[in-house]
Amino acid sequence: MPRFSVVIPVFKVQGYLRECLDSVLGQSFRDVEVIVVDDCSPDSCGTIIDEYAARDERVKALHLPRNVGLGRARNAGLELARGDYVLFLDSDDCYTPGLLQALAARLDSVGDLDILAFDHVRTHWWGRGGRSQVADLIERAGTDVFRLEDRPEYVHLFLVAWNKAFRREFFLEQGLRYAPGLYEDAPVTHMAMVTAERIGCLNRIGVEYRQRRQGAITKTPGRKHFDIFEQYEGLFAFLAARPELAWAHSLLFERAVFHMLFVLKRPERVTVADRREFFHRTADFYTRHLPAGFALPEGGTGVYMRALAKRSYRAYQAAELADRVKKSGPNKILKARTRAGKRAYAGLYTAQRRRSLDPNLAVYSSYWDRLPSCNPLAVFDKARELAPQVHGVWVVRKELADQVPDGIDHVVRNSRRYWEVMARAKYFVNNVNFPDGIVKRPGQVHLQTHHGTPLKRMGLDQQAYPAAARGMDFDRLLERVDRWDLSVSSNQHSTKQWERAYPGAFESLDAGYPRNDRYYAAGAEDVAAVRARLGIAEGKTALLYAPTHRDYQQGWAPSFDLARLAGALGDDFVLLVRTHYFYDRTPQLSDLAEQATVIDVSRHPSVEDLCLAADALIADYSSVTFDYANLDRPIVIYADDWQIYSQVRGVTFDLLSGRPGDTPGAVATTEDELIDVFLSGRWHGSDAAALRGAFRERFCQYDDGHAAERVVRRFFLGQDAEPAIVPLAQRVPAPSPSLR
């Protein structure tokens, strides 16, 4: 029988679940069972749970047939628990290193406890906070063992399930179970505290309590918050059935009413329309359970309780207003006015927003208003086929307007028509973000297609990498994320990263990248035509070198001697070089192109064309690696600065590990190694092919040639994202042009 059972209920946390499980399974104390309850999660959580269960016998996977909610999912896990002590951990939180060892040591030193409480730290999306508000209380407890009746101040311990280790037999003997609905922690915590004979505290931060910006039910206003009344009614029914607990009635009454007032004051929980009803429900509870001789607490809580006693919502509002004015002060009011002034827009845009939306107007943009390309262009083309009633308009920069292909309607950004279109369009499609000044009106919907699979850290994850995040305004970034309705993904790795790096209320659309459809639609004639346009002689092996940019470098210079590689490979090879779009033309590259040493394709409008033309890819950390893998052609990673890049920019996995799924083929870290990779034939050998196959399986998960159709049907037509994804083994990518 294990010392500890850790029960983890899981629902829609695929971006955080691995970190949670790793924090438990990586504990130095190993005598633990981990019961992971899949509460019928609609994302990939179930698959992740099974993966962990398959590789660690301490993990027990329980898949519920229907969604039952957090409380009952905990109960289901409790039924399977066999440990001396049971702990409950929320699946988006983490244990700190050494927690279980410290708990075991304390229990060994003081004997069995019914409850052993420990501290936590809040980890906000903008960074880590300090210790909890009850840290001093936990510290004062030292190694004491006590009952709550003797130390009533400990009723203020945080009302959650996950900051305590419960003796399992005690928990079961007291009949403690979590009720369905919100605020299920509160009554069980109080029931446990008042019935426990031996309570102890461990002065240690044990949990990183993640404060998710989106997704937490406590930050979602609505009627669910009325669950608090039924939860506390259950607590007081428990007390009424146990006369020996009469001493706890006043103590828990004050805590219950305080909790209800706390919820009422928060607009992210109780809507304005529901506030009066919530107040009166609280007043009902107050009247029904008011203990004889109850003394009102001092301070603000007492003022609010007097309003409850009078059942006067007006008195409550007056107290709340006085409290707000006291806390805000003139400086806060001045700042609010300043922010409001900054949000004022041009009169034209404001006037246009008063007009009705055009239900058949869509706005497209790629790469900060460059020429039409990437996923948005593939969506645009498919929408013209499947949703012809929707008229698409592209936003482009003034200097590029004359290069927009014929037949594509477009507006120059900040022009008069631009503001009209932005004000009235229903649909917005972009692979980055629309400008901060764009207001999302009710009825408008935004599709975020992204433009690559994230090897490097993105969004809020960049906060840990100051060099990469230089000049980034994370508050503004999150305001842009709040406009997203759908976020397109080509694999589960991306889905999880987007949910972590861009916390928002958007829905993940696991449909594949529309731009990658081209790799399955093109035939041998298409490939030959592209090569002819690029000037690649028949029979030559074309290598595409497509490096990404470096946040820590100004300008671009090749990481190896292009002329030397071209010379070493000989006339049978041709080297195509594409610099990142952040960089201007490079004189060195232009000179080599003029000498016919390389073909400079930096300004070619279609990366997809270049990939189709290439027999193999030489990449570093560019997202083109993941797209090119769809073609099932050799990929060589040249990573001469991996240590610097991974430390300065941050990465989501080890590209150079050599593990299947991480590394897509042969790897070189020096110029000599790169040349040898090709001269030795390792670049297209059996080992490289095996690695490429595992990489494709992981990162080309949804790319099958039908991604654009799935996106258009879901976004424009409101249909299911069909057709179904074709299994990887049945997909037929465009043929390689010359490699045999």
# chains A, B, ... in the order shown; residues from 1 in each chain; ligands from 1
call {"tool": "closest_atom_pairs", "arguments": {"of": "range 426-535 of chain A", "to": "range 362-367 of chain A", "cutoff": "12 Å", "atoms": "only C-alpha atoms", "output": "JSON lines"}}
result
{"residue": "A:Lys426", "atom": "CA", "partner": "A:Ala362", "partner_atom": "CA", "distance": 6.1}
{"residue": "A:Tyr427", "atom": "CA", "partner": "A:Ala362", "partner_atom": "CA", "distance": 4.4}
{"residue": "A:Phe428", "atom": "CA", "partner": "A:Val363", "partner_atom": "CA", "distance": 4.9}
{"residue": "A:Val429", "atom": "CA", "partner": "A:Tyr364", "partner_atom": "CA", "distance": 4.8}
{"residue": "A:Asn430", "atom": "CA", "partner": "A:Ser365", "partner_atom": "CA", "distance": 5.0}
{"residue": "A:Asn431", "atom": "CA", "partner": "A:Ser366", "partner_atom": "CA", "distance": 5.6}
{"residue": "A:Val432", "atom": "CA", "partner": "A:Tyr367", "partner_atom": "CA", "distance": 6.1}
{"residue": "A:Asn433", "atom": "CA", "partner": "A:Tyr367", "partner_atom": "CA", "distance": 8.6}
{"residue": "A:Phe434", "atom": "CA", "partner": "A:Ser365", "partner_atom": "CA", "distance": 8.0}
{"residue": "A:Pro435", "atom": "CA", "partner": "A:Ser365", "partner_atom": "CA", "distance": 10.9}
{"residue": "A:Gln444", "atom": "CA", "partner": "A:Ala362", "partner_atom": "CA", "distance": 9.8}
{"residue": "A:Val445", "atom": "CA", "partner": "A:Ala362", "partner_atom": "CA", "distance": 9.6}
{"residue": "A:His446", "atom": "CA", "partner": "A:Val363", "partner_atom": "CA", "distance": 9.5}
{"residue": "A:Leu447", "atom": "CA", "partner": "A:Tyr364", "partner_atom": "CA", "distance": 9.6}
{"residue": "A:Gln448", "atom": "CA", "partner": "A:Ser365", "partner_atom": "CA", "distance": 10.5}
{"residue": "A:Thr449", "atom": "CA", "partner": "A:Ser366", "partner_atom": "CA", "distance": 9.6}
{"residue": "A:His450", "atom": "CA", "partner": "A:Ser366", "partner_atom": "CA", "distance": 9.5}
{"residue": "A:His451", "atom": "CA", "partner": "A:Tyr367", "partner_atom": "CA", "distance": 8.5}
{"residue": "A:Gly452", "atom": "CA", "partner": "A:Tyr367", "partner_atom": "CA", "distance": 11.8}
call {"tool": "write_last_selection", "arguments": {"atoms": "C-alpha atoms", "output": "compact mmCIF listing (two decimals), in the first residue's frame"}}
result
# COMPACT_ATOMS: atom_id res chain seq x y z
CA LYS A 426 -17.87 40.00 -40.17
CA TYR A 427 -14.85 37.75 -40.75
CA PHE A 428 -11.18 38.45 -39.94
CA VAL A 429 -8.36 36.11 -40.98
CA ASN A 430 -4.70 36.66 -40.10
CA ASN A 431 -1.55 34.68 -39.40
CA VAL A 432 -0.32 37.30 -36.91
CA ASN A 433 -2.54 39.93 -35.28
CA PHE A 434 -4.53 42.88 -36.50
CA PRO A 435 -3.41 46.28 -35.12
CA GLN A 444 -17.37 39.81 -35.72
CA VAL A 445 -15.27 36.64 -35.63
CA HIS A 446 -11.51 36.27 -35.85
CA LEU A 447 -9.54 33.33 -37.21
CA GLN A 448 -5.91 33.07 -36.07
CA THR A 449 -4.12 30.76 -38.49
CA HIS A 450 -0.59 31.20 -37.08
CA HIS A 451 2.36 30.71 -39.41
CA GLY A 452 4.39 27.84 -38.08
call {"tool": "residues_around", "arguments": {"residues": "Ile599 in chain A", "least_positions_apart": "3", "cutoff": "9 Å", "atoms": "only C-alpha atoms", "output": "MDAnalysis selection string"}}
result
chainID A and resid 534:536 574:578 589 592:594 596
call {"tool": "atom_distance", "arguments": {"atom1": "CA of Val68 in chain A", "atom2": "CA of Lys224 in chain A"}}
result
14.5 Å
call {"tool": "atom_distance", "arguments": {"atom1": "CA of Arg255 in chain A", "atom2": "CA of Arg140 in chain A"}}
result
21.1 Å
call {"tool": "select_by_dssp", "arguments": {"residues": "range 77-284 of chain A", "states": "helix (DSSP H, G or I)", "output": "ChimeraX atom specification"}}
result
/A:77-80,99-110,135-141,152-156,168-173,185-195,217-219,223-240,243-264,272-284
call {"tool": "closest_residue", "arguments": {"among": "A:Ala315, A:Ala196, A:Leu103, A:Leu610", "to": "Arg276 in chain A", "atoms": "only C-alpha atoms"}}
result
A:Ala315
call {"tool": "residues_around", "arguments": {"residues": "Arg710 in chain A", "least_positions_apart": "3", "cutoff": "12 Å", "atoms": "only C-alpha atoms", "output": "PyMOL selection string"}}
result
chain A and resi 378-379+382-383+386+488-490+509-514+517+702-707+713-725
call {"tool": "write_last_selection", "arguments": {"atoms": "N, CA, C and O atoms", "output": "CSV table (one decimal), in the first residue's frame"}}
result
chain,number,residue,atom,x,y,z
A,378,ALA,N,-4.3,30.4,-48.4
A,378,ALA,CA,-5.0,29.1,-48.7
A,378,ALA,C,-6.4,29.1,-48.2
A,378,ALA,O,-7.3,28.5,-48.9
A,379,VAL,N,-6.7,29.7,-47.1
A,379,VAL,CA,-8.1,29.9,-46.7
A,379,VAL,C,-8.9,30.7,-47.7
A,379,VAL,O,-10.1,30.4,-48.0
A,382,LYS,N,-9.7,28.7,-50.8
A,382,LYS,CA,-10.7,27.7,-50.6
A,382,LYS,C,-12.1,28.3,-50.3
A,382,LYS,O,-13.1,27.7,-50.7
A,383,ALA,N,-12.1,29.5,-49.7
A,383,ALA,CA,-13.4,30.1,-49.4
A,383,ALA,C,-14.0,30.6,-50.7
A,383,ALA,O,-15.3,30.6,-50.8
A,386,LEU,N,-15.8,27.3,-51.7
A,386,LEU,CA,-16.8,26.7,-50.9
A,386,LEU,C,-17.8,27.7,-50.3
A,386,LEU,O,-18.9,27.4,-49.9
A,488,VAL,N,-6.0,28.0,-35.4
A,488,VAL,CA,-5.7,26.8,-36.2
A,488,VAL,C,-4.4,26.1,-35.7
A,488,VAL,O,-3.4,26.8,-35.4
A,489,SER,N,-4.4,24.8,-35.7
A,489,SER,CA,-3.3,24.0,-35.3
A,489,SER,C,-3.1,22.9,-36.3
A,489,SER,O,-4.0,22.3,-36.8
A,490,SER,N,-1.8,22.5,-36.5
A,490,SER,CA,-1.5,21.4,-37.4
A,490,SER,C,-1.0,20.1,-36.6
A,490,SER,O,-0.8,19.1,-37.2
A,509,LEU,N,-8.7,24.8,-33.3
A,509,LEU,CA,-9.3,24.1,-34.5
A,509,LEU,C,-8.2,23.2,-35.0
A,509,LEU,O,-7.3,23.7,-35.7
A,510,ASP,N,-8.2,22.0,-34.6
A,510,ASP,CA,-7.1,21.0,-35.0
A,510,ASP,C,-7.4,20.5,-36.4
A,510,ASP,O,-8.0,19.4,-36.5
A,511,ALA,N,-7.1,21.3,-37.4
A,511,ALA,CA,-7.5,21.0,-38.7
A,511,ALA,C,-6.3,20.8,-39.7
A,511,ALA,O,-6.5,20.4,-40.8
A,512,GLY,N,-5.1,21.2,-39.3
A,512,GLY,CA,-4.0,21.2,-40.2
A,512,GLY,C,-3.8,22.6,-40.7
A,512,GLY,O,-4.6,23.5,-40.6
A,513,TYR,N,-2.6,22.8,-41.2
A,513,TYR,CA,-2.3,24.2,-41.8
A,513,TYR,C,-2.7,24.2,-43.3
A,513,TYR,O,-2.2,23.4,-44.1
A,514,PRO,N,-3.6,25.1,-43.6
A,514,PRO,CA,-4.1,25.2,-45.0
A,514,PRO,C,-3.0,25.3,-46.0
A,514,PRO,O,-3.1,24.8,-47.1
A,517,ASP,N,-1.6,22.2,-47.6
A,517,ASP,CA,-2.4,21.4,-48.6
A,517,ASP,C,-1.7,21.2,-49.9
A,517,ASP,O,-1.8,20.2,-50.6
A,702,TYR,N,-2.2,16.6,-38.5
A,702,TYR,CA,-3.4,16.9,-39.2
A,702,TYR,C,-3.3,17.4,-40.6
A,702,TYR,O,-4.3,17.6,-41.3
A,703,ASP,N,-2.1,17.5,-41.1
A,703,ASP,CA,-1.8,18.0,-42.5
A,703,ASP,C,-2.0,16.8,-43.4
A,703,ASP,O,-1.2,15.9,-43.5
A,704,ASP,N,-3.1,16.9,-44.2
A,704,ASP,CA,-3.3,15.7,-45.1
A,704,ASP,C,-3.9,16.2,-46.5
A,704,ASP,O,-4.3,15.4,-47.3
A,705,GLY,N,-3.8,17.5,-46.8
A,705,GLY,CA,-4.3,18.0,-48.0
A,705,GLY,C,-5.7,18.6,-48.0
A,705,GLY,O,-6.2,19.1,-49.0
A,706,HIS,N,-6.4,18.5,-46.8
A,706,HIS,CA,-7.7,19.0,-46.7
A,706,HIS,C,-7.9,20.0,-45.6
A,706,HIS,O,-9.1,20.2,-45.1
A,707,ALA,N,-6.8,20.6,-45.1
A,707,ALA,CA,-6.9,21.5,-44.0
A,707,ALA,C,-7.7,22.7,-44.3
A,707,ALA,O,-8.6,23.2,-43.5
A,713,ARG,N,-15.1,25.3,-43.8
A,713,ARG,CA,-16.4,24.8,-43.4
A,713,ARG,C,-16.7,25.2,-42.0
A,713,ARG,O,-17.9,25.6,-41.6
A,714,ARG,N,-15.7,25.2,-41.1
A,714,ARG,CA,-16.0,25.5,-39.7
A,714,ARG,C,-16.1,27.0,-39.5
A,714,ARG,O,-17.1,27.5,-38.8
A,715,PHE,N,-15.3,27.8,-40.1
A,715,PHE,CA,-15.2,29.3,-39.9
A,715,PHE,C,-16.3,30.0,-40.6
A,715,PHE,O,-17.0,30.9,-40.0
A,716,PHE,N,-16.5,29.8,-41.9
A,716,PHE,CA,-17.4,30.6,-42.7
A,716,PHE,C,-18.8,29.9,-42.8
A,716,PHE,O,-19.8,30.6,-42.9
A,717,LEU,N,-18.8,28.6,-42.8
A,717,LEU,CA,-20.1,27.9,-43.0
A,717,LEU,C,-20.7,27.4,-41.7
A,717,LEU,O,-21.9,26.9,-41.7
A,718,GLY,N,-20.0,27.4,-40.6
A,718,GLY,CA,-20.5,26.9,-39.3
A,718,GLY,C,-20.8,25.4,-39.3
A,718,GLY,O,-21.6,24.9,-38.5
A,719,GLN,N,-20.1,24.7,-40.2
A,719,GLN,CA,-20.3,23.2,-40.2
A,719,GLN,C,-19.2,22.5,-39.4
A,719,GLN,O,-18.2,23.2,-38.9
A,720,ASP,N,-19.3,21.2,-39.3
A,720,ASP,CA,-18.2,20.5,-38.7
A,720,ASP,C,-17.0,20.6,-39.5
A,720,ASP,O,-17.0,20.7,-40.7
A,721,ALA,N,-15.8,20.5,-38.8
A,721,ALA,CA,-14.5,20.6,-39.6
A,721,ALA,C,-14.2,19.3,-40.3
A,721,ALA,O,-13.5,18.4,-39.8
A,722,GLU,N,-14.9,19.1,-41.4
A,722,GLU,CA,-14.7,17.9,-42.2
A,722,GLU,C,-14.0,18.3,-43.5
A,722,GLU,O,-13.9,19.4,-43.9
A,723,PRO,N,-13.4,17.3,-44.2
A,723,PRO,CA,-13.5,15.8,-44.0
A,723,PRO,C,-12.6,15.3,-42.9
A,723,PRO,O,-11.8,16.1,-42.4
A,724,ALA,N,-12.8,14.1,-42.5
A,724,ALA,CA,-12.0,13.5,-41.5
A,724,ALA,C,-10.5,13.4,-41.9
A,724,ALA,O,-10.2,13.4,-43.1
A,725,ILE,N,-9.6,13.5,-41.0
A,725,ILE,CA,-8.2,13.5,-41.3
A,725,ILE,C,-7.8,12.1,-41.8
A,725,ILE,O,-8.1,11.1,-41.2
call {"tool": "atom_distance", "arguments": {"atom1": "CA of Lys60 in chain A", "atom2": "CA of Ile35 in chain A"}}
result
4.8 Å
call {"tool": "residues_around", "arguments": {"residues": "Thr195 in chain A", "least_positions_apart": "4", "cutoff": "8 Å", "atoms": "only C-alpha atoms", "output": "short mmCIF file (atom, residue, chain, number, x, y, z; two decimals) with N, CA, C and O atoms, in the first residue's frame"}}
result
data_model
loop_
_atom_site.label_atom_id
_atom_site.label_comp_id
_atom_site.auth_asym_id
_atom_site.auth_seq_id
_atom_site.Cartn_x
_atom_site.Cartn_y
_atom_site.Cartn_z
N GLN A 174 -15.34 9.84 7.95
CA GLN A 174 -16.18 11.02 8.15
C GLN A 174 -17.20 11.20 7.03
O GLN A 174 -18.02 12.11 7.07
N MET A 191 -15.69 20.68 6.81
CA MET A 191 -16.08 19.44 7.48
C MET A 191 -14.84 18.70 8.02
O MET A 191 -14.83 18.18 9.14
N LEU A 245 -20.61 19.19 17.31
CA LEU A 245 -19.90 20.25 16.59
C LEU A 245 -20.57 21.62 16.75
O LEU A 245 -20.30 22.54 15.98
#
call {"tool": "residues_around", "arguments": {"residues": "Val396 in chain A", "least_positions_apart": "4", "cutoff": "10 Å", "atoms": "only C-alpha atoms", "output": "VMD selection string"}}
result
chain A and resid 364 to 372 400 to 404 410 to 414 418
call {"tool": "residues_around", "arguments": {"residues": "Ala688 in chain A", "least_positions_apart": "6", "cutoff": "9 Å", "atoms": "only C-alpha atoms", "output": "PyMOL selection string"}}
result
chain A and resi 634-636+664-666+682
call {"tool": "select_by_dssp", "arguments": {"residues": "range 123-206 of chain A", "states": "strand (DSSP E)", "output": "list in words"}}
result
Thr123, His124, Gly127, Arg128, Gly129, Gly130, Arg131, Lys164, Ala165, Phe166, Arg167, Ile199, Gly200, Cys201, Leu202, Asn203, Arg204, Ile205 and Gly206 of chain A
call {"tool": "write_last_selection", "arguments": {"atoms": "N, CA and C atoms", "output": "PDB file, in the first residue's frame"}}
result
ATOM      1  N   THR A 123       1.140  31.359  -9.270  1.00  0.00           N
ATOM      2  CA  THR A 123       1.896  31.622 -10.489  1.00  0.00           C
ATOM      3  C   THR A 123       0.944  32.251 -11.490  1.00  0.00           C
ATOM      4  N   HIS A 124       1.073  33.561 -11.650  1.00  0.00           N
ATOM      5  CA  HIS A 124       0.208  34.292 -12.561  1.00  0.00           C
ATOM      6  C   HIS A 124       0.740  34.185 -13.985  1.00  0.00           C
ATOM      7  N   GLY A 127       3.795  36.192 -14.275  1.00  0.00           N
ATOM      8  CA  GLY A 127       4.958  35.885 -13.452  1.00  0.00           C
ATOM      9  C   GLY A 127       4.549  35.264 -12.125  1.00  0.00           C
ATOM     10  N   ARG A 128       5.528  34.925 -11.331  1.00  0.00           N
ATOM     11  CA  ARG A 128       5.270  34.245 -10.059  1.00  0.00           C
ATOM     12  C   ARG A 128       5.018  35.263  -8.956  1.00  0.00           C
ATOM     13  N   GLY A 129       4.018  34.983  -8.128  1.00  0.00           N
ATOM     14  CA  GLY A 129       3.712  35.852  -7.006  1.00  0.00           C
ATOM     15  C   GLY A 129       4.434  35.405  -5.752  1.00  0.00           C
ATOM     16  N   GLY A 130       4.084  36.017  -4.638  1.00  0.00           N
ATOM     17  CA  GLY A 130       4.695  35.659  -3.373  1.00  0.00           C
ATOM     18  C   GLY A 130       3.943  34.545  -2.684  1.00  0.00           C
ATOM     19  N   ARG A 131       4.315  34.307  -1.428  1.00  0.00           N
ATOM     20  CA  ARG A 131       3.652  33.265  -0.648  1.00  0.00           C
ATOM     21  C   ARG A 131       2.209  33.658  -0.383  1.00  0.00           C
ATOM     22  N   LYS A 164      -3.561  20.209   1.179  1.00  0.00           N
ATOM     23  CA  LYS A 164      -3.630  19.362   2.365  1.00  0.00           C
ATOM     24  C   LYS A 164      -3.424  17.897   1.980  1.00  0.00           C
ATOM     25  N   ALA A 165      -2.790  17.181   2.888  1.00  0.00           N
ATOM     26  CA  ALA A 165      -2.749  15.715   2.800  1.00  0.00           C
ATOM     27  C   ALA A 165      -3.719  15.191   3.849  1.00  0.00           C
ATOM     28  N   PHE A 166      -4.691  14.400   3.423  1.00  0.00           N
ATOM     29  CA  PHE A 166      -5.699  13.850   4.322  1.00  0.00           C
ATOM     30  C   PHE A 166      -5.375  12.379   4.612  1.00  0.00           C
ATOM     31  N   ARG A 167      -5.466  11.989   5.882  1.00  0.00           N
ATOM     32  CA  ARG A 167      -5.391  10.564   6.190  1.00  0.00           C
ATOM     33  C   ARG A 167      -6.614   9.914   5.554  1.00  0.00           C
ATOM     34  N   ILE A 199      -4.397  17.915  13.605  1.00  0.00           N
ATOM     35  CA  ILE A 199      -4.099  18.779  12.461  1.00  0.00           C
ATOM     36  C   ILE A 199      -2.676  19.297  12.611  1.00  0.00           C
ATOM     37  N   GLY A 200      -1.941  19.327  11.526  1.00  0.00           N
ATOM     38  CA  GLY A 200      -0.600  19.885  11.530  1.00  0.00           C
ATOM     39  C   GLY A 200      -0.369  20.722  10.295  1.00  0.00           C
ATOM     40  N   CYS A 201       0.670  21.534  10.324  1.00  0.00           N
ATOM     41  CA  CYS A 201       1.030  22.385   9.184  1.00  0.00           C
ATOM     42  C   CYS A 201       2.496  22.171   8.837  1.00  0.00           C
ATOM     43  N   LEU A 202       2.783  22.227   7.577  1.00  0.00           N
ATOM     44  CA  LEU A 202       4.155  22.130   7.079  1.00  0.00           C
ATOM     45  C   LEU A 202       4.524  23.463   6.470  1.00  0.00           C
ATOM     46  N   ASN A 203       5.501  24.127   7.041  1.00  0.00           N
ATOM     47  CA  ASN A 203       5.887  25.457   6.577  1.00  0.00           C
ATOM     48  C   ASN A 203       6.733  25.333   5.313  1.00  0.00           C
ATOM     49  N   ARG A 204       6.034  25.022   4.240  1.00  0.00           N
ATOM     50  CA  ARG A 204       6.727  24.790   2.967  1.00  0.00           C
ATOM     51  C   ARG A 204       5.755  25.066   1.830  1.00  0.00           C
ATOM     52  N   ILE A 205       6.253  25.733   0.774  1.00  0.00           N
ATOM     53  CA  ILE A 205       5.447  25.921  -0.434  1.00  0.00           C
ATOM     54  C   ILE A 205       5.394  24.589  -1.173  1.00  0.00           C
ATOM     55  N   GLY A 206       4.195  24.043  -1.271  1.00  0.00           N
ATOM     56  CA  GLY A 206       4.063  22.729  -1.888  1.00  0.00           C
ATOM     57  C   GLY A 206       3.443  22.728  -3.263  1.00  0.00           C
TER      58      GLY A 206
END
call {"tool": "closest_residue", "arguments": {"among": "A:Ala246, A:Leu64, A:Leu308, A:Ala619", "to": "Asp640 in chain A", "atoms": "only C-alpha atoms"}}
result
A:Ala619
call {"tool": "residues_around", "arguments": {"residues": "Gln497 in chain A", "least_positions_apart": "3", "cutoff": "10 Å", "atoms": "only C-alpha atoms", "output": "PyMOL selection string"}}
result
chain A and resi 14-16+453-455+457-459+461+489+492-494+500-503+652
call {"tool": "write_last_selection", "arguments": {"atoms": "N, CA and C atoms", "output": "mmCIF file, in the first residue's frame"}}
result
data_model
loop_
_atom_site.group_PDB
_atom_site.id
_atom_site.type_symbol
_atom_site.label_atom_id
_atom_site.label_comp_id
_atom_site.auth_asym_id
_atom_site.auth_seq_id
_atom_site.Cartn_x
_atom_site.Cartn_y
_atom_site.Cartn_z
ATOM 1 N N GLN A 14 -4.837 20.364 -21.684
ATOM 2 C CA GLN A 14 -3.780 19.686 -22.419
ATOM 3 C C GLN A 14 -2.485 20.496 -22.478
ATOM 4 N N GLY A 15 -2.576 21.809 -22.343
ATOM 5 C CA GLY A 15 -1.370 22.626 -22.362
ATOM 6 C C GLY A 15 -0.585 22.599 -21.066
ATOM 7 N N TYR A 16 -1.169 22.071 -19.995
ATOM 8 C CA TYR A 16 -0.541 22.107 -18.682
ATOM 9 C C TYR A 16 -0.364 20.724 -18.056
ATOM 10 N N THR A 453 4.886 25.920 -36.707
ATOM 11 C CA THR A 453 4.883 25.117 -35.490
ATOM 12 C C THR A 453 5.942 25.661 -34.549
ATOM 13 N N PRO A 454 5.613 25.894 -33.287
ATOM 14 C CA PRO A 454 6.547 26.575 -32.383
ATOM 15 C C PRO A 454 7.629 25.675 -31.798
ATOM 16 N N LEU A 455 8.827 25.757 -32.383
ATOM 17 C CA LEU A 455 10.005 25.219 -31.711
ATOM 18 C C LEU A 455 10.471 26.232 -30.672
ATOM 19 N N ARG A 457 10.068 29.524 -28.105
ATOM 20 C CA ARG A 457 9.059 29.989 -27.161
ATOM 21 C C ARG A 457 8.319 31.181 -27.745
ATOM 22 N N MET A 458 7.024 31.205 -27.511
ATOM 23 C CA MET A 458 6.178 32.247 -28.067
ATOM 24 C C MET A 458 5.335 32.877 -26.960
ATOM 25 N N GLY A 459 4.738 34.019 -27.264
ATOM 26 C CA GLY A 459 3.766 34.647 -26.392
ATOM 27 C C GLY A 459 4.260 34.864 -24.979
ATOM 28 N N ASP A 461 5.278 32.848 -22.823
ATOM 29 C CA ASP A 461 6.461 32.067 -22.467
ATOM 30 C C ASP A 461 7.747 32.856 -22.671
ATOM 31 N N SER A 489 -4.444 24.791 -35.741
ATOM 32 C CA SER A 489 -3.264 24.027 -35.343
ATOM 33 C C SER A 489 -3.058 22.860 -36.299
ATOM 34 N N GLN A 492 -0.786 18.388 -32.150
ATOM 35 C CA GLN A 492 -1.095 18.582 -30.734
ATOM 36 C C GLN A 492 -0.027 19.393 -30.017
ATOM 37 N N HIS A 493 1.218 19.276 -30.455
ATOM 38 C CA HIS A 493 2.277 20.092 -29.858
ATOM 39 C C HIS A 493 1.924 21.570 -29.983
ATOM 40 N N SER A 494 1.507 21.981 -31.161
ATOM 41 C CA SER A 494 1.145 23.384 -31.373
ATOM 42 C C SER A 494 -0.075 23.770 -30.554
ATOM 43 N N ARG A 500 -1.032 27.555 -23.921
ATOM 44 C CA ARG A 500 -0.192 28.030 -22.814
ATOM 45 C C ARG A 500 0.312 29.447 -23.076
ATOM 46 N N ALA A 501 0.827 29.664 -24.280
ATOM 47 C CA ALA A 501 1.506 30.926 -24.576
ATOM 48 C C ALA A 501 0.543 32.068 -24.818
ATOM 49 N N TYR A 502 -0.681 31.735 -25.255
ATOM 50 C CA TYR A 502 -1.681 32.757 -25.551
ATOM 51 C C TYR A 502 -2.974 32.436 -24.792
ATOM 52 N N PRO A 503 -2.983 32.565 -23.479
ATOM 53 C CA PRO A 503 -4.194 32.210 -22.726
ATOM 54 C C PRO A 503 -5.372 33.081 -23.132
ATOM 55 N N THR A 652 10.861 24.714 -27.086
ATOM 56 C CA THR A 652 9.818 23.866 -26.516
ATOM 57 C C THR A 652 10.216 22.393 -26.477
#
call {"tool": "closest_atom_pairs", "arguments": {"of": "range 8-58 of chain A", "to": "range 78-87 of chain A", "cutoff": "12 Å", "atoms": "only C-alpha atoms", "output": "CSV"}}
result
residue,atom,partner,partner_atom,distance
A:Ile8,CA,A:Leu87,CA,8.7
A:Pro9,CA,A:Leu78,CA,10.4
A:Val24,CA,A:Leu87,CA,11.1
A:Asp31,CA,A:Gly83,CA,9.1
A:Val32,CA,A:Gly83,CA,7.5
A:Glu33,CA,A:Gly83,CA,7.4
A:Val34,CA,A:Ala81,CA,8.7
A:Ile35,CA,A:Ala81,CA,7.3
A:Val36,CA,A:Leu80,CA,10.2
A:Val37,CA,A:Leu78,CA,9.9
A:Arg58,CA,A:Ala81,CA,11.7
